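One structure is given here, and the rest of the page talks about it.
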Amino acid sequence: MKILVLLDGSMWSHKGALYALRIAREKKAEVVLFSVLDKRDSKSMAFNFCTQSNMCSRIENYESQIWRDMRKNINDEMAQVLLFFNRENIQTASKIVEGSASEEIIKEVQSDGYGLIVMGAYGRNPRSSGNSLFPKLINKLPVPIFMAR
Amino acid sequence: MRYYEGLIKRKFKDLVGSKYEAIQKEYSEYILTEEEMRPHEIKKILLPLDFSVTEVSESICELLSAYENATVTLIFITDEQISDIIRASLDEEAGEEFTRKKEEYGTRLLDDYEHCLTSRNIPCMRRMLLGNKQQDILKIAPDFDMVAIPKCYASNHPDSCAVSGDAILLAQSLAQPTIVF
């Protein structure tokens with residue numbers, strides 16, 4: 001069995017990784033930690049910041065700095081989760097790709113034989129709303145999806 | 001918990017002590033407490049079924065076998081509202097016939113799922129209900145640690161097993177970890 005764990009920087013996705021770890025331990029499964037960085041996120045954050053701060057002359061600088069921070073944060077998170085899985089002797093790989101989250105995840109699942117996807121139930125949204133990725137993935141993929149809460 | 005501490009230290013490394021607690025309180029919609037961060041112990045699993053579910057998923061039985069000592073409760077729900085409409089628009093007998101046929105199907109499906117689970121040493125209980133496919137699950141679910149929902153549950157298109165709006169809504173409304181398969 002192969003499990004795809006989606007990490008988006010939210011605490012829910014971290015909790016998902018902990019659930020995945022338990023399943024992987026029981027089923028002797030292989031795990032891939034997967035994260036997608038979307039340039040549109042850094043663009044929209046930079047735009048929001050420039051309009052709030054009235055300093056739009058430097059918007060390109062903000063965008064590249066936010067993008068660098070996003071990369072660094074997800075690398076740090078991935079490294080921490082990976083360490084946790086390695087300590088448990090679970091065969092684990094990590095992948096960070098750039099693009100649209102749903103498209104990249106669908107591509108990844110279709111290109112490899114995954115038996116389970118694990119994700120946070122709310123993404124980076126508040127817990128009163130759902131993870132907007134979930135309906136897109138469940139409609140396109142024939143793989144069970146575990147939503148961590 | 002070392003994992004939680006590491007996560008908090010990295011995410012809020014510029015904050016200390018009571019300031020972090022104040023932020024945690026204010027932003028509780030986004031931040032999990034240490035207690036919430038701990039995965040639930042999965043002992044009781046709810047697996048709803050209905051007429052739209054046409055096949056037994058061997059892969060979900062296999063996956064649920066990862067939860068040692070967990071009991072799966074299979075529940076087959078027949079739509080009471082449709083039964084009432086048939087009763088009102090045709091007659092009592094037609095309504096009963098509708099319910100009887102659905103429940104016959106339900107019994108077979110429950111048998112098949114029970115076999116799929118017990119053959120993997122997963123203890124299992126079964127129930128048959130006449131009720132509301134969405135509301136009854138939301139009502140029952142708090143008694144369980146996890147819910148596993150077939151993606152075509154309550155789709156009313158049994159020939160295609162298309163993803164149903166009810167399955168998506170349930171998966172997004174429940175408070176427990178949920179597997180949609």
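Simple scheme: letters A, B, ... for chains in structure tokens order, numbers from 1 for residues in each chain, numbers from 1 for ligands in the order shown.
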**OP:** Find the residues around segment 70-81 of chain A up to 9 Å (only C-alpha atoms counted), leave out those fewer than 6 positions away in its own chain, and share them as a count of residues only.
**Re:** 19
Original post:
Which residues come within 10 Å of Glu55 of chain B, counting only C-alpha atoms, excluding same-chain residues fewer than 5 positions away, as a PyMOL selection string?
Top reply: chain B and resi 109+112-113+150+158+161
Selection near Leu49 of chain B, 10 Å with only C-alpha atoms, sequence-local residues under 6 positions removed, as a PDB file with C-alpha atoms, in the first residue's frame:
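After the write, result.pdb holds the following:
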```
ATOM      1  CA  LEU B  74     -22.822  -0.965   9.272  1.00  0.00           C
ATOM      2  CA  ILE B  75     -26.017   0.981   8.907  1.00  0.00           C
ATOM      3  CA  PHE B  76     -28.351   0.723   5.926  1.00  0.00           C
ATOM      4  CA  ILE B  77     -30.822   3.590   5.578  1.00  0.00           C
ATOM      5  CA  THR B  78     -33.947   3.616   3.456  1.00  0.00           C
ATOM      6  CA  GLY B 106     -30.025  -3.740   2.276  1.00  0.00           C
ATOM      7  CA  LEU B 109     -25.484  -5.560   1.049  1.00  0.00           C
ATOM      8  CA  LEU B 110     -25.043  -5.757   4.832  1.00  0.00           C
ATOM      9  CA  TYR B 113     -19.984  -6.020   3.880  1.00  0.00           C
ATOM     10  CA  MET B 128     -31.313  -1.172   9.277  1.00  0.00           C
ATOM     11  CA  LYS B 133     -29.857   9.452   4.956  1.00  0.00           C
ATOM     12  CA  ALA B 148     -16.278   5.788   6.437  1.00  0.00           C
ATOM     13  CA  ILE B 149     -18.660   6.950   3.689  1.00  0.00           C
ATOM     14  CA  PRO B 150     -19.015   5.417   0.229  1.00  0.00           C
ATOM     15  CA  CYS B 152     -21.971   7.414  -3.924  1.00  0.00           C
ATOM     16  CA  TYR B 153     -23.871   7.198  -0.626  1.00  0.00           C
ATOM     17  CA  ALA B 154     -27.346   8.724  -1.115  1.00  0.00           C
TER      18      ALA B 154
END
```
Original post:
Mind listing as a list of chain:residue names which residues of chain A are within 7 Å of chain B, counting only C-alpha atoms?
Top reply: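 Residues of chain A within 7 Å of chain B, counting only C-alpha atoms: A:Met11, A:Lys15, A:Leu18, A:Tyr19, A:Ile23, A:Glu26, A:Lys27, A:Pro126, A:Arg127, A:Gly130, A:Pro135, A:Asn139, A:Val143, A:Pro144, A:Ile145, A:Phe146, A:Met147, A:Ala148, A:Arg149.
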How about saving the chosen residues, N, CA and C atoms kept, as a PDB file, in the first residue's frame?
```pdb
ATOM      1  N   MET A  11      -2.286  23.072  10.515  1.00  0.00           N
ATOM      2  CA  MET A  11      -2.109  22.099  11.594  1.00  0.00           C
ATOM      3  C   MET A  11      -2.957  20.861  11.338  1.00  0.00           C
ATOM      4  N   LYS A  15      -1.893  16.958  11.476  1.00  0.00           N
ATOM      5  CA  LYS A  15      -2.622  15.913  12.190  1.00  0.00           C
ATOM      6  C   LYS A  15      -2.881  14.730  11.244  1.00  0.00           C
ATOM      7  N   LEU A  18      -0.075  12.468  11.149  1.00  0.00           N
ATOM      8  CA  LEU A  18      -0.006  11.572  12.317  1.00  0.00           C
ATOM      9  C   LEU A  18      -0.955  10.374  12.154  1.00  0.00           C
ATOM     10  N   TYR A  19      -2.139  10.642  11.579  1.00  0.00           N
ATOM     11  CA  TYR A  19      -3.057   9.525  11.295  1.00  0.00           C
ATOM     12  C   TYR A  19      -2.424   8.581  10.261  1.00  0.00           C
ATOM     13  N   ILE A  23      -1.521   4.380  10.233  1.00  0.00           N
ATOM     14  CA  ILE A  23      -1.959   3.417   9.208  1.00  0.00           C
ATOM     15  C   ILE A  23      -0.740   2.768   8.565  1.00  0.00           C
ATOM     16  N   GLU A  26       0.774   0.095  10.735  1.00  0.00           N
ATOM     17  CA  GLU A  26      -0.023  -1.142  10.789  1.00  0.00           C
ATOM     18  C   GLU A  26       0.029  -1.909   9.476  1.00  0.00           C
ATOM     19  N   LYS A  27      -0.061  -1.183   8.365  1.00  0.00           N
ATOM     20  CA  LYS A  27      -0.162  -1.835   7.052  1.00  0.00           C
ATOM     21  C   LYS A  27       1.191  -1.950   6.356  1.00  0.00           C
ATOM     22  N   PRO A 126     -10.725  28.241   8.216  1.00  0.00           N
ATOM     23  CA  PRO A 126     -11.135  28.016   9.597  1.00  0.00           C
ATOM     24  C   PRO A 126     -11.911  26.711   9.703  1.00  0.00           C
ATOM     25  N   ARG A 127     -11.978  26.167  10.925  1.00  0.00           N
ATOM     26  CA  ARG A 127     -12.602  24.862  11.053  1.00  0.00           C
ATOM     27  C   ARG A 127     -14.110  24.889  10.833  1.00  0.00           C
ATOM     28  N   GLY A 130     -15.095  23.877   5.119  1.00  0.00           N
ATOM     29  CA  GLY A 130     -14.424  22.661   4.678  1.00  0.00           C
ATOM     30  C   GLY A 130     -13.166  22.933   3.872  1.00  0.00           C
ATOM     31  N   PRO A 135     -13.723  18.351  -2.605  1.00  0.00           N
ATOM     32  CA  PRO A 135     -14.685  17.992  -3.662  1.00  0.00           C
ATOM     33  C   PRO A 135     -14.015  17.799  -5.028  1.00  0.00           C
ATOM     34  N   ASN A 139     -14.070  13.935  -6.748  1.00  0.00           N
ATOM     35  CA  ASN A 139     -14.760  13.800  -8.032  1.00  0.00           C
ATOM     36  C   ASN A 139     -13.872  13.203  -9.107  1.00  0.00           C
ATOM     37  N   VAL A 143      -9.543   6.964  -5.450  1.00  0.00           N
ATOM     38  CA  VAL A 143      -8.771   6.527  -4.282  1.00  0.00           C
ATOM     39  C   VAL A 143      -9.474   7.043  -3.014  1.00  0.00           C
ATOM     40  N   PRO A 144      -9.574   6.215  -1.957  1.00  0.00           N
ATOM     41  CA  PRO A 144     -10.183   6.720  -0.716  1.00  0.00           C
ATOM     42  C   PRO A 144      -9.436   7.945  -0.180  1.00  0.00           C
ATOM     43  N   ILE A 145     -10.211   8.884   0.365  1.00  0.00           N
ATOM     44  CA  ILE A 145      -9.606  10.088   0.940  1.00  0.00           C
ATOM     45  C   ILE A 145      -9.919  10.135   2.432  1.00  0.00           C
ATOM     46  N   PHE A 146      -8.877  10.243   3.218  1.00  0.00           N
ATOM     47  CA  PHE A 146      -9.001  10.348   4.672  1.00  0.00           C
ATOM     48  C   PHE A 146      -8.923  11.821   5.047  1.00  0.00           C
ATOM     49  N   MET A 147      -9.959  12.310   5.714  1.00  0.00           N
ATOM     50  CA  MET A 147      -9.953  13.712   6.148  1.00  0.00           C
ATOM     51  C   MET A 147      -9.703  13.773   7.644  1.00  0.00           C
ATOM     52  N   ALA A 148      -8.575  14.356   8.004  1.00  0.00           N
ATOM     53  CA  ALA A 148      -8.172  14.367   9.414  1.00  0.00           C
ATOM     54  C   ALA A 148      -8.874  15.447  10.196  1.00  0.00           C
ATOM     55  N   ARG A 149      -9.336  15.086  11.397  1.00  0.00           N
ATOM     56  CA  ARG A 149      -9.941  16.054  12.321  1.00  0.00           C
ATOM     57  C   ARG A 149      -9.449  15.747  13.719  1.00  0.00           C
TER      58      ARG A 149
END
```
**OP:** Step one, run DSSP on the backbone; step two, keep only residues of segment 71-113 of chain A assigned to helix (DSSP H, G or I); then write them as a ChimeraX atom specification.
**Re:** /A:71-87,101-111
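Close contacts of Ala93 of chain A, defined as residues with an atom at most 8 Å away when counting only C-alpha atoms, with chain neighbours fewer than 3 positions off set aside, comprise Val31, Val32, Leu33 and Leu82 of chain A.
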**OP:** Tell me which protein, DNA and RNA residues are within 10 Å of Lys102 of chain B, counting only C-alpha atoms, leaving out same-chain ones fewer than 2 positions away, and put them as an MDAnalysis selection string.
**Re:** chainID B and resid 50:51 76:79 96:100 104:107 130
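Between atom CA of Gly120 of chain A and atom CA of Ser102 of chain A lies a distance of 14.2 Å.
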**OP:** For Lys28 of chain A, please output as a PyMOL selection string all residues within 10 Å (counting only C-alpha atoms; exclusion window: fewer than 4 positions along the same chain).
**Re:** (chain A and resi 1-2+21-24+89-91) or (chain B and resi 66)
**OP:** May I ask for the distance between atom CA of Ala101 of chain A and atom CA of Leu133 of chain A, given in Å to one decimal place?
**Re:** 7.8 Å
Original post:
Taking only C-alpha atoms into account, which of B:Ile23, B:Ile42, B:Arg126, B:Asp145 comes nearest Arg108 of chain B?
Top reply: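 Ranked by minimum distance to Arg108 of chain B, first place goes to B:Arg126.
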Subject >> All strand (DSSP E) residues (DSSP, backbone) inside chain B, as a ChimeraX atom specification >> reply: /B:44-49,71-79,124-131,146-149,178-180
Subject >> Minimum-distance residue to Ser100 of chain A, chosen among A:Val36, A:Ala29, A:Ile3, A:Cys50 (using only C-alpha atoms) >> reply: A:Val36
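For the set B:Phe12, B:Asn132, B:Glu103, B:Ser160, the residue with the smallest atom-to-atom gap to Ile82 of chain B is B:Asn132, counting only C-alpha atoms.
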Subject >> Residue among A:Leu141, A:Arg124, A:Asn131, A:Arg87 lying closest to Ser111 of chain A, counting only C-alpha atoms >> reply: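 Once distances to Ser111 of chain A are computed over only C-alpha atoms, the minimum belongs to A:Leu141.
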